[in-house]
>>> print(open('structure-v9.pdb').read())   # PDB, C-alpha atoms
MODEL        1
ATOM      1  CA  MET A   1     179.570  35.658 244.526
ATOM      2  CA  PRO A   2     176.893  33.428 246.149
ATOM      3  CA  ALA A   3     176.096  33.942 249.846
ATOM      4  CA  LEU A   4     178.098  31.770 252.250
ATOM      5  CA  PRO A   5     176.209  29.053 254.149
ATOM      6  CA  LEU A   6     175.250  29.993 257.706
ATOM      7  CA  ASP A   7     177.824  27.741 259.414
ATOM      8  CA  GLU A   8     180.663  29.348 257.465
ATOM      9  CA  ALA A   9     179.315  32.920 257.537
ATOM     10  CA  GLY A  10     178.692  32.656 261.282
ATOM     11  CA  LYS A  11     182.434  32.442 261.980
ATOM     12  CA  TYR A  12     183.109  35.705 260.154
ATOM     13  CA  VAL A  13     180.177  37.533 261.745
ATOM     14  CA  ALA A  14     181.226  36.331 265.211
ATOM     15  CA  ALA A  15     184.827  37.415 264.508
ATOM     16  CA  ALA A  16     183.717  40.918 263.469
ATOM     17  CA  TYR A  17     181.592  41.429 266.593
ATOM     18  CA  LEU A  18     184.338  39.974 268.805
ATOM     19  CA  VAL A  19     186.834  42.445 267.308
ATOM     20  CA  PHE A  20     184.514  45.308 268.225
ATOM     21  CA  LEU A  21     184.019  43.919 271.743
ATOM     22  CA  ALA A  22     187.764  43.339 272.186
ATOM     23  CA  LEU A  23     188.562  46.920 271.128
ATOM     24  CA  LEU A  24     186.011  48.243 273.587
ATOM     25  CA  LEU A  25     187.291  46.045 276.409
ATOM     26  CA  ILE A  26     190.942  46.981 275.762
ATOM     27  CA  TYR A  27     190.034  50.677 275.793
ATOM     28  CA  VAL A  28     188.015  50.345 279.012
ATOM     29  CA  ALA A  29     190.822  48.306 280.639
ATOM     30  CA  ILE A  30     193.419  50.980 279.756
ATOM     31  CA  MET A  31     191.152  53.719 281.091
ATOM     32  CA  ALA A  32     190.510  51.704 284.270
ATOM     33  CA  SER A  33     194.259  51.334 284.873
ATOM     34  CA  LYS A  34     194.662  55.107 284.395
ATOM     35  CA  LEU A  35     191.857  55.759 286.871
ATOM     36  CA  SER A  36     193.412  53.446 289.457
ATOM     37  CA  ARG A  37     196.711  55.323 289.026
ATOM     38  CA  ILE A  38     194.864  58.603 289.594
ATOM     39  CA  GLU A  39     193.268  57.111 292.708
ATOM     40  CA  ARG A  40     196.704  56.076 294.053
ATOM     41  CA  GLU A  41     198.012  59.602 293.447
ATOM     42  CA  VAL A  42     194.984  61.100 295.223
ATOM     43  CA  VAL A  43     195.688  58.906 298.273
ATOM     44  CA  GLU A  44     199.367  59.912 298.148
ATOM     45  CA  LEU A  45     198.508  63.617 297.975
ATOM     46  CA  ALA A  46     195.904  63.279 300.723
ATOM     47  CA  GLU A  47     198.577  61.731 302.962
ATOM     48  CA  LEU A  48     200.963  64.587 302.144
ATOM     49  CA  ALA A  49     198.273  67.155 302.944
ATOM     50  CA  GLU A  50     197.462  65.325 306.202
ATOM     51  CA  ASP A  51     201.142  65.398 307.185
ATOM     52  CA  ASP A  52     201.159  69.145 306.479
ATOM     53  CA  GLU A  53     198.184  69.642 308.755
ATOM     54  CA  GLN A  54     199.728  67.601 311.584
ATOM     55  CA  THR A  55     203.166  69.186 311.467
ATOM     56  CA  GLY A  56     201.895  72.610 310.518
ATOM     57  CA  THR A  57     204.667  72.824 307.929
ATOM     58  CA  PRO A  58     204.011  72.733 304.172
ATOM     59  CA  ALA A  59     205.624  69.839 302.321
ATOM     60  CA  ARG A  60     207.705  72.194 300.173
ATOM     61  CA  THR A  61     209.290  73.823 303.254
ATOM     62  CA  ARG A  62     210.195  70.455 304.733
ATOM     63  CA  GLU A  63     211.744  69.333 301.468
ATOM     64  CA  THR A  64     213.803  72.542 301.244
ATOM     65  CA  VAL A  65     215.066  72.114 304.815
ATOM     66  CA  ALA A  66     215.852  68.451 304.252
TER      67      ALA A  66
ATOM     68  CA  MET B  67     171.338  51.180 273.095
ATOM     69  CA  LEU B  68     174.096  49.106 271.488
ATOM     70  CA  THR B  69     172.805  45.969 273.201
ATOM     71  CA  ALA B  70     169.344  46.723 271.793
ATOM     72  CA  ALA B  71     170.903  47.266 268.363
ATOM     73  CA  PHE B  72     172.755  43.932 268.489
ATOM     74  CA  ALA B  73     169.591  42.191 269.677
ATOM     75  CA  LEU B  74     167.781  43.661 266.660
ATOM     76  CA  VAL B  75     170.641  42.587 264.371
ATOM     77  CA  PHE B  76     170.423  38.929 265.372
ATOM     78  CA  PHE B  77     166.732  38.479 266.241
ATOM     79  CA  TYR B  78     164.846  41.020 264.109
ATOM     80  CA  ALA B  79     166.715  42.099 260.963
ATOM     81  CA  PRO B  80     166.388  39.601 258.099
ATOM     82  CA  ASN B  81     169.352  38.147 256.216
ATOM     83  CA  ASP B  82     170.281  39.999 253.032
ATOM     84  CA  ALA B  83     169.012  38.427 249.820
ATOM     85  CA  ASP B  84     172.446  38.612 248.147
ATOM     86  CA  GLN B  85     174.929  38.362 250.976
ATOM     87  CA  GLY B  86     172.979  36.260 253.459
ATOM     88  CA  PHE B  87     174.156  36.172 257.086
ATOM     89  CA  ILE B  88     177.435  37.993 256.278
ATOM     90  CA  PHE B  89     175.454  41.214 255.911
ATOM     91  CA  LYS B  90     175.117  41.341 259.739
ATOM     92  CA  ILE B  91     178.720  42.593 259.840
ATOM     93  CA  PHE B  92     177.545  45.862 258.299
ATOM     94  CA  TYR B  93     175.489  46.743 261.361
ATOM     95  CA  VAL B  94     178.713  47.166 263.321
ATOM     96  CA  HIS B  95     181.087  48.102 260.487
ATOM     97  CA  VAL B  96     179.124  50.934 258.855
ATOM     98  CA  PRO B  97     178.018  52.780 262.057
ATOM     99  CA  MET B  98     181.623  52.573 263.301
ATOM    100  CA  ALA B  99     182.887  54.040 260.015
ATOM    101  CA  ILE B 100     180.310  56.855 259.994
ATOM    102  CA  VAL B 101     180.961  57.780 263.637
ATOM    103  CA  ALA B 102     184.751  57.649 263.137
ATOM    104  CA  LEU B 103     184.565  59.936 260.072
ATOM    105  CA  VAL B 104     182.193  62.366 261.806
ATOM    106  CA  GLY B 105     184.557  62.281 264.809
ATOM    107  CA  PHE B 106     187.483  63.281 262.579
ATOM    108  CA  VAL B 107     185.455  66.202 261.207
ATOM    109  CA  ALA B 108     184.412  67.163 264.763
ATOM    110  CA  GLY B 109     188.107  67.108 265.731
ATOM    111  CA  GLY B 110     188.714  69.649 262.958
ATOM    112  CA  VAL B 111     185.840  71.852 264.145
ATOM    113  CA  PHE B 112     187.222  71.776 267.710
ATOM    114  CA  GLY B 113     190.657  72.606 266.301
ATOM    115  CA  ALA B 114     189.172  75.652 264.543
ATOM    116  CA  LEU B 115     187.474  76.733 267.773
ATOM    117  CA  HIS B 116     190.812  76.368 269.555
ATOM    118  CA  LEU B 117     192.606  78.560 267.032
ATOM    119  CA  ARG B 118     189.807  81.117 267.209
ATOM    120  CA  SER B 119     189.465  81.312 270.988
ATOM    121  CA  GLY B 120     192.902  80.172 272.175
ATOM    122  CA  GLU B 121     191.215  78.147 274.921
ATOM    123  CA  SER B 122     192.971  74.878 275.679
ATOM    124  CA  LYS B 123     189.687  73.045 276.329
ATOM    125  CA  TRP B 124     189.036  72.994 272.565
ATOM    126  CA  ASP B 125     192.461  71.508 271.907
ATOM    127  CA  MET B 126     191.674  68.836 274.490
ATOM    128  CA  ARG B 127     188.307  68.089 272.828
ATOM    129  CA  SER B 128     189.956  67.908 269.421
ATOM    130  CA  TYR B 129     192.633  65.542 270.785
ATOM    131  CA  VAL B 130     190.129  63.246 272.507
ATOM    132  CA  THR B 131     187.674  63.035 269.570
ATOM    133  CA  ILE B 132     190.531  62.210 267.183
ATOM    134  CA  HIS B 133     191.858  59.620 269.634
ATOM    135  CA  VAL B 134     188.510  57.807 269.978
ATOM    136  CA  SER B 135     187.892  58.106 266.209
ATOM    137  CA  VAL B 136     191.228  56.447 265.447
ATOM    138  CA  ILE B 137     190.327  53.558 267.779
ATOM    139  CA  LEU B 138     187.007  53.148 265.933
ATOM    140  CA  ALA B 139     188.866  53.392 262.612
ATOM    141  CA  VAL B 140     190.989  50.384 263.641
ATOM    142  CA  GLY B 141     187.726  48.513 264.230
ATOM    143  CA  VAL B 142     186.422  49.623 260.827
ATOM    144  CA  LEU B 143     189.528  48.351 259.030
ATOM    145  CA  VAL B 144     189.511  44.995 260.830
ATOM    146  CA  THR B 145     185.756  44.318 260.511
ATOM    147  CA  GLY B 146     185.903  45.480 256.871
ATOM    148  CA  SER B 147     188.706  43.026 256.190
ATOM    149  CA  ILE B 148     186.729  40.208 257.793
ATOM    150  CA  TRP B 149     183.741  41.044 255.588
ATOM    151  CA  ALA B 150     185.977  41.252 252.490
ATOM    152  CA  ARG B 151     187.446  37.827 253.244
ATOM    153  CA  ALA B 152     183.985  36.301 253.620
ATOM    154  CA  SER B 153     182.477  38.064 250.631
ATOM    155  CA  TRP B 154     185.312  38.504 248.116
ATOM    156  CA  GLY B 155     187.708  35.822 249.303
ATOM    157  CA  HIS B 156     190.466  38.372 250.046
ATOM    158  CA  TRP B 157     191.399  40.150 253.269
ATOM    159  CA  TRP B 158     192.270  43.317 251.374
ATOM    160  CA  VAL B 159     191.630  44.606 247.837
ATOM    161  CA  TRP B 160     193.950  47.374 246.747
ATOM    162  CA  ASP B 161     191.923  48.522 243.715
ATOM    163  CA  GLU B 162     188.819  49.277 245.788
ATOM    164  CA  PRO B 163     188.689  53.081 246.379
ATOM    165  CA  MET B 164     186.532  52.927 249.527
ATOM    166  CA  LEU B 165     188.980  50.658 251.373
ATOM    167  CA  VAL B 166     192.138  52.418 250.273
ATOM    168  CA  SER B 167     190.747  55.892 250.962
ATOM    169  CA  PHE B 168     189.762  54.862 254.487
ATOM    170  CA  LEU B 169     193.235  53.411 255.023
ATOM    171  CA  ILE B 170     194.753  56.717 253.835
ATOM    172  CA  ILE B 171     192.566  58.646 256.294
ATOM    173  CA  PHE B 172     193.588  56.273 259.092
ATOM    174  CA  LEU B 173     197.289  56.599 258.258
ATOM    175  CA  LEU B 174     196.929  60.388 258.042
ATOM    176  CA  TYR B 175     195.481  60.522 261.560
ATOM    177  CA  ALA B 176     198.078  58.041 262.818
ATOM    178  CA  THR B 177     200.627  60.844 262.324
ATOM    179  CA  TYR B 178     198.739  63.130 264.741
ATOM    180  CA  TRP B 179     200.517  61.840 267.876
ATOM    181  CA  PRO B 180     204.060  61.861 266.427
ATOM    182  CA  LEU B 181     203.335  65.437 265.234
ATOM    183  CA  ARG B 182     202.257  66.534 268.704
ATOM    184  CA  PHE B 183     205.105  64.707 270.407
ATOM    185  CA  SER B 184     207.705  66.238 268.091
ATOM    186  CA  ILE B 185     206.833  69.781 269.238
ATOM    187  CA  GLU B 186     208.155  70.564 272.699
ATOM    188  CA  ASP B 187     206.654  74.030 273.124
ATOM    189  CA  ARG B 188     203.097  73.543 274.458
ATOM    190  CA  GLU B 189     201.652  76.603 272.716
ATOM    191  CA  LYS B 190     203.099  75.650 269.335
ATOM    192  CA  GLN B 191     202.099  72.025 269.852
ATOM    193  CA  SER B 192     198.431  72.851 270.379
ATOM    194  CA  ARG B 193     198.338  75.361 267.516
ATOM    195  CA  TYR B 194     200.036  73.071 264.980
ATOM    196  CA  ALA B 195     197.848  70.151 266.102
ATOM    197  CA  SER B 196     194.740  72.295 265.574
ATOM    198  CA  VAL B 197     195.907  73.250 262.075
ATOM    199  CA  PHE B 198     196.493  69.570 261.342
ATOM    200  CA  ALA B 199     193.029  68.670 262.715
ATOM    201  CA  ILE B 200     191.360  71.305 260.505
ATOM    202  CA  VAL B 201     193.187  70.317 257.307
ATOM    203  CA  ALA B 202     192.731  66.584 257.899
ATOM    204  CA  GLY B 203     189.115  67.153 258.987
ATOM    205  CA  ALA B 204     188.398  68.993 255.725
ATOM    206  CA  PHE B 205     190.088  66.183 253.782
ATOM    207  CA  VAL B 206     187.669  63.566 255.208
ATOM    208  CA  PRO B 207     184.394  64.734 253.534
ATOM    209  CA  LEU B 208     186.258  65.654 250.328
ATOM    210  CA  ASN B 209     187.759  62.201 250.192
ATOM    211  CA  PHE B 210     184.389  60.607 250.950
ATOM    212  CA  ALA B 211     182.687  62.616 248.191
ATOM    213  CA  ALA B 212     185.442  61.734 245.699
ATOM    214  CA  VAL B 213     185.057  58.040 246.426
ATOM    215  CA  ARG B 214     181.271  58.298 246.126
ATOM    216  CA  MET B 215     181.580  59.984 242.762
ATOM    217  CA  ALA B 216     184.039  57.389 241.518
ATOM    218  CA  GLU B 217     182.309  54.561 239.743
ATOM    219  CA  SER B 218     182.638  51.431 241.792
ATOM    220  CA  PHE B 219     180.511  48.337 241.747
ATOM    221  CA  THR B 220     182.569  46.259 244.128
ATOM    222  CA  HIS B 221     182.045  47.900 247.517
ATOM    223  CA  PRO B 222     178.416  48.218 248.648
ATOM    224  CA  GLN B 223     177.467  51.816 249.483
ATOM    225  CA  THR B 224     175.593  52.655 252.657
ATOM    226  CA  GLY B 225     173.051  55.125 251.267
ATOM    227  CA  THR B 226     171.977  52.914 248.413
ATOM    228  CA  THR B 227     171.796  49.842 250.654
ATOM    229  CA  THR B 228     169.530  51.385 253.305
ATOM    230  CA  THR B 229     167.245  53.369 251.011
ATOM    231  CA  SER B 230     166.211  50.280 249.077
ATOM    232  CA  ALA B 231     166.224  48.076 252.177
ATOM    233  CA  PRO B 232     163.139  46.901 254.067
ATOM    234  CA  GLY B 233     162.027  48.862 257.141
ATOM    235  CA  SER B 234     163.436  46.315 259.584
ATOM    236  CA  VAL B 235     166.934  46.695 258.106
ATOM    237  CA  THR B 236     166.736  50.509 258.168
ATOM    238  CA  LEU B 237     165.434  50.529 261.751
ATOM    239  CA  THR B 238     168.181  48.160 262.928
ATOM    240  CA  PHE B 239     170.817  50.216 261.148
ATOM    241  CA  LEU B 240     169.546  53.480 262.681
ATOM    242  CA  VAL B 241     169.462  51.995 266.191
ATOM    243  CA  ALA B 242     173.021  50.667 265.688
ATOM    244  CA  LEU B 243     174.132  54.104 264.456
ATOM    245  CA  ALA B 244     172.533  55.833 267.457
ATOM    246  CA  GLY B 245     174.152  53.298 269.804
ATOM    247  CA  MET B 246     177.568  53.805 268.236
ATOM    248  CA  THR B 247     177.181  57.591 268.465
ATOM    249  CA  LEU B 248     176.279  57.363 272.152
ATOM    250  CA  LEU B 249     179.226  55.035 272.756
ATOM    251  CA  PHE B 250     181.535  57.528 271.035
ATOM    252  CA  VAL B 251     180.240  60.435 273.148
ATOM    253  CA  THR B 252     180.522  58.351 276.339
ATOM    254  CA  LEU B 253     184.111  57.301 275.581
ATOM    255  CA  CYS B 254     185.056  60.913 274.780
ATOM    256  CA  LYS B 255     183.536  62.146 278.045
ATOM    257  CA  TYR B 256     185.207  59.310 279.961
ATOM    258  CA  GLU B 257     188.622  60.119 278.508
ATOM    259  CA  MET B 258     188.188  63.848 279.014
ATOM    260  CA  ALA B 259     187.239  63.321 282.678
ATOM    261  CA  SER B 260     190.320  61.156 283.124
ATOM    262  CA  LYS B 261     192.594  63.783 281.523
ATOM    263  CA  HIS B 262     191.068  66.582 283.629
ATOM    264  CA  ALA B 263     191.654  64.572 286.819
ATOM    265  CA  THR B 264     195.252  63.834 285.803
ATOM    266  CA  PHE B 265     196.051  67.479 285.117
ATOM    267  CA  ARG B 266     194.431  68.696 288.321
ATOM    268  CA  LEU B 267     196.434  66.121 290.258
ATOM    269  CA  ARG B 268     199.662  67.179 288.575
ATOM    270  CA  ALA B 269     198.898  70.824 289.329
ATOM    271  CA  LEU B 270     198.238  69.956 292.963
ATOM    272  CA  ARG B 271     201.434  67.924 293.171
ATOM    273  CA  ARG B 272     203.383  70.860 291.705
ATOM    274  CA  ARG B 273     201.848  73.203 294.275
ATOM    275  CA  LEU B 274     202.723  70.868 297.117
ATOM    276  CA  ALA B 275     206.257  70.483 295.823
ATOM    277  CA  GLY B 276     206.527  74.257 295.344
ATOM    278  CA  ASP B 277     207.510  73.727 291.723
ATOM    279  CA  ASP B 278     206.390  76.325 289.201
ATOM    280  CA  ASP B 279     208.070  74.754 286.207
ATOM    281  CA  GLU B 280     205.322  73.235 284.064
ATOM    282  CA  LEU B 281     207.481  70.590 282.415
ATOM    283  CA  SER B 282     209.473  69.445 285.404
ATOM    284  CA  LEU B 283     206.945  66.869 286.604
ATOM    285  CA  THR B 284     204.878  66.199 283.508
ATOM    286  CA  GLY B 285     207.747  65.759 281.024
ATOM    287  CA  ARG B 286     207.332  65.878 277.272
ATOM    288  CA  SER B 287     203.950  64.626 276.153
ATOM    289  CA  ALA B 288     201.710  64.452 273.086
ATOM    290  CA  ALA B 289     198.637  65.079 275.249
ATOM    291  CA  PRO B 290     197.378  68.665 275.524
ATOM    292  CA  GLN B 291     197.733  70.591 278.780
ATOM    293  CA  LEU B 292     194.888  72.379 280.483
TER     294      LEU B 292
ENDMDL
END
>>> encode(input="structure-v9.pdb", output="structure tokens")
Amino acid sequence: MPALPLDEAGKYVAAAYLVFLALLLIYVAIMASKLSRIEREVVELAELAEDDEQTGTPARTRETVA
Amino acid sequence: MLTAAFALVFFYAPNDADQGFIFKIFYVHVPMAIVALVGFVAGGVFGALHLRSGESKWDMRSYVTIHVSVILAVGVLVTGSIWARASWGHWWVWDEPMLVSFLIIFLLYATYWPLRFSIEDREKQSRYASVFAIVAGAFVPLNFAAVRMAESFTHPQTGTTTTSAPGSVTLTFLVALAGMTLLFVTLCKYEMASKHATFRLRALRRRLAGDDDELSLTGRSAAPQL
């Protein structure tokens, strides 16, 4: 099969590289959302630990009493 | 490294005498395929190390390498289809062994997560997943060798293309392969760091809640536990 002219081949080459870029971006976006969830949990746990320090009672004891 | 590779692809490497500009697809397609296949084999090696040592870190490494390899395999199938459409006029050719064998490998690894998820017991899950990773990992080079030995004149083969290619093509291909390998390692490390952080957080949350039951907060999951 003869080689495609540049204007036609360019579309396919661009599509292939865009697919690769899109895959990479989707993966990074998913990982970023996971990391932000981890960050939220860290803040939540830090607040819990801070409460423990202030009240002098571990969270588990308070939950059992409640 | 990948940026350098893509710069070489478009500004340094010449167009192929037969395929013309379409050949540029191979600089992303072939390195992705090689790294994905090596990743599958590495997943099997990590699975073997897990079975041998019983350490969960090897199960985690096996899981993550297979995960990233499957993502690359999706890229291989899509970019391969784009090349096939441009070169052969068809998105997919069923009588081409290289394409079909890669699809079989991809579908085989697509069953890895359902397999893990179907086993509730964590110990059994990691052991069975390691056995799967070893068997499937051994299948990959066998399958590759079988396809290579099969006589096919339709799909261009990487070794024959680069050995007879000019130095600029070989250099560009090697830089692209190195870039893809580094990307693979980076993504694996990134995902492993994320999983480690998640498990440490869950452990901390369990400690704060005074809960010793491993499954009570994490629930059933295909992901390995540390």
>>> resolve_selection(input="structure-v9.pdb", expression="the PyMOL selection byres ((chain A and resi 16) around 12)", output="compact mmCIF listing (two decimals) with C-alpha atoms, in the coordinates of the input")
# COMPACT_ATOMS: atom_id res chain seq x y z
CA ALA A 9 179.32 32.92 257.54
CA GLY A 10 178.69 32.66 261.28
CA LYS A 11 182.43 32.44 261.98
CA TYR A 12 183.11 35.70 260.15
CA VAL A 13 180.18 37.53 261.74
CA ALA A 14 181.23 36.33 265.21
CA ALA A 15 184.83 37.42 264.51
CA TYR A 17 181.59 41.43 266.59
CA LEU A 18 184.34 39.97 268.80
CA VAL A 19 186.83 42.44 267.31
CA PHE A 20 184.51 45.31 268.23
CA LEU A 21 184.02 43.92 271.74
CA ALA A 22 187.76 43.34 272.19
CA LEU A 23 188.56 46.92 271.13
CA ILE B 88 177.44 37.99 256.28
CA PHE B 89 175.45 41.21 255.91
CA LYS B 90 175.12 41.34 259.74
CA ILE B 91 178.72 42.59 259.84
CA PHE B 92 177.54 45.86 258.30
CA TYR B 93 175.49 46.74 261.36
CA VAL B 94 178.71 47.17 263.32
CA HIS B 95 181.09 48.10 260.49
CA VAL B 96 179.12 50.93 258.86
CA MET B 98 181.62 52.57 263.30
CA VAL B 140 190.99 50.38 263.64
CA GLY B 141 187.73 48.51 264.23
CA VAL B 142 186.42 49.62 260.83
CA LEU B 143 189.53 48.35 259.03
CA VAL B 144 189.51 45.00 260.83
CA THR B 145 185.76 44.32 260.51
CA GLY B 146 185.90 45.48 256.87
CA SER B 147 188.71 43.03 256.19
CA ILE B 148 186.73 40.21 257.79
CA TRP B 149 183.74 41.04 255.59
CA ALA B 150 185.98 41.25 252.49
CA ARG B 151 187.45 37.83 253.24
CA ALA B 152 183.98 36.30 253.62
>>> resolve_selection(input="structure-v9.pdb", expression="the PyMOL selection byres ((chain B and resi 203-212) around 12)", output="ChimeraX atom specification")
/B:99-100,102-114,128,131-132,135,163-172,174-175,178,195-202,213-218,223-224
>>> atom_distance(input="structure-v9.pdb", atom1="atom CA of Glu44 of chain A", atom2="atom CA of Ala288 of chain B")
25.6 Å
>>> residues_near_point(input="structure-v9.pdb", point="(198.5, 72.0, 274.8)", cutoff="8 Å", atoms="only C-alpha atoms", output="mmCIF file with C-alpha atoms, keeping the file's coordinate frame")
data_model
loop_
_atom_site.group_PDB
_atom_site.id
_atom_site.type_symbol
_atom_site.label_atom_id
_atom_site.label_comp_id
_atom_site.auth_asym_id
_atom_site.auth_seq_id
_atom_site.Cartn_x
_atom_site.Cartn_y
_atom_site.Cartn_z
ATOM 1 C CA SER B 122 192.971 74.878 275.679
ATOM 2 C CA ASP B 125 192.461 71.508 271.907
ATOM 3 C CA MET B 126 191.674 68.836 274.490
ATOM 4 C CA ARG B 188 203.097 73.543 274.458
ATOM 5 C CA GLU B 189 201.652 76.603 272.716
ATOM 6 C CA GLN B 191 202.099 72.025 269.852
ATOM 7 C CA SER B 192 198.431 72.851 270.379
ATOM 8 C CA ALA B 289 198.637 65.079 275.249
ATOM 9 C CA PRO B 290 197.378 68.665 275.524
ATOM 10 C CA GLN B 291 197.733 70.591 278.780
ATOM 11 C CA LEU B 292 194.888 72.379 280.483
#
>>> atom_distance(input="structure-v9.pdb", atom1="atom CA of Tyr27 of chain A", atom2="atom CA of Arg193 of chain B")
27.3 Å
>>> atom_distance(input="structure-v9.pdb", atom1="atom CA of Arg286 of chain B", atom2="atom CA of Thr264 of chain B")
14.9 Å
>>> axis_aligned_box(input="structure-v9.pdb", around="segment 203-213 of chain B", padding_each_side="8 Å", output="JSON")
{"center_x": 186.4, "center_y": 63.5, "center_z": 252.3, "size_x": 23.4, "size_y": 27.0, "size_z": 29.3}
>>> resolve_selection(input="structure-v9.pdb", expression="the PyMOL selection byres ((chain A and resi 31) around 12)", output="list of chain:residue names")
A:Leu24, A:Leu25, A:Ile26, A:Tyr27, A:Val28, A:Ala29, A:Ile30, A:Ala32, A:Ser33, A:Lys34, A:Leu35, A:Ser36, A:Arg37, A:Ile38, B:Leu253, B:Cys254, B:Lys255, B:Tyr256, B:Glu257, B:Met258, B:Ala259, B:Ser260, B:Lys261, B:Thr264
>>> closest_residue(input="structure-v9.pdb", among="B:Pro180, B:Gly120, B:Pro97, B:Gly233", to="chain A", atoms="all atoms listed in the file")
B:Pro97
>>> closest_residue(input="structure-v9.pdb", among="B:Arg271, B:Leu248, B:Arg266, B:Gly276", to="Leu45 of chain A", atoms="all atoms listed in the file")
B:Arg271
>>> closest_residue(input="structure-v9.pdb", among="B:Ala242, B:Val75, B:Ile137, B:Leu181", to="chain A", atoms="only C-alpha atoms")
B:Ile137
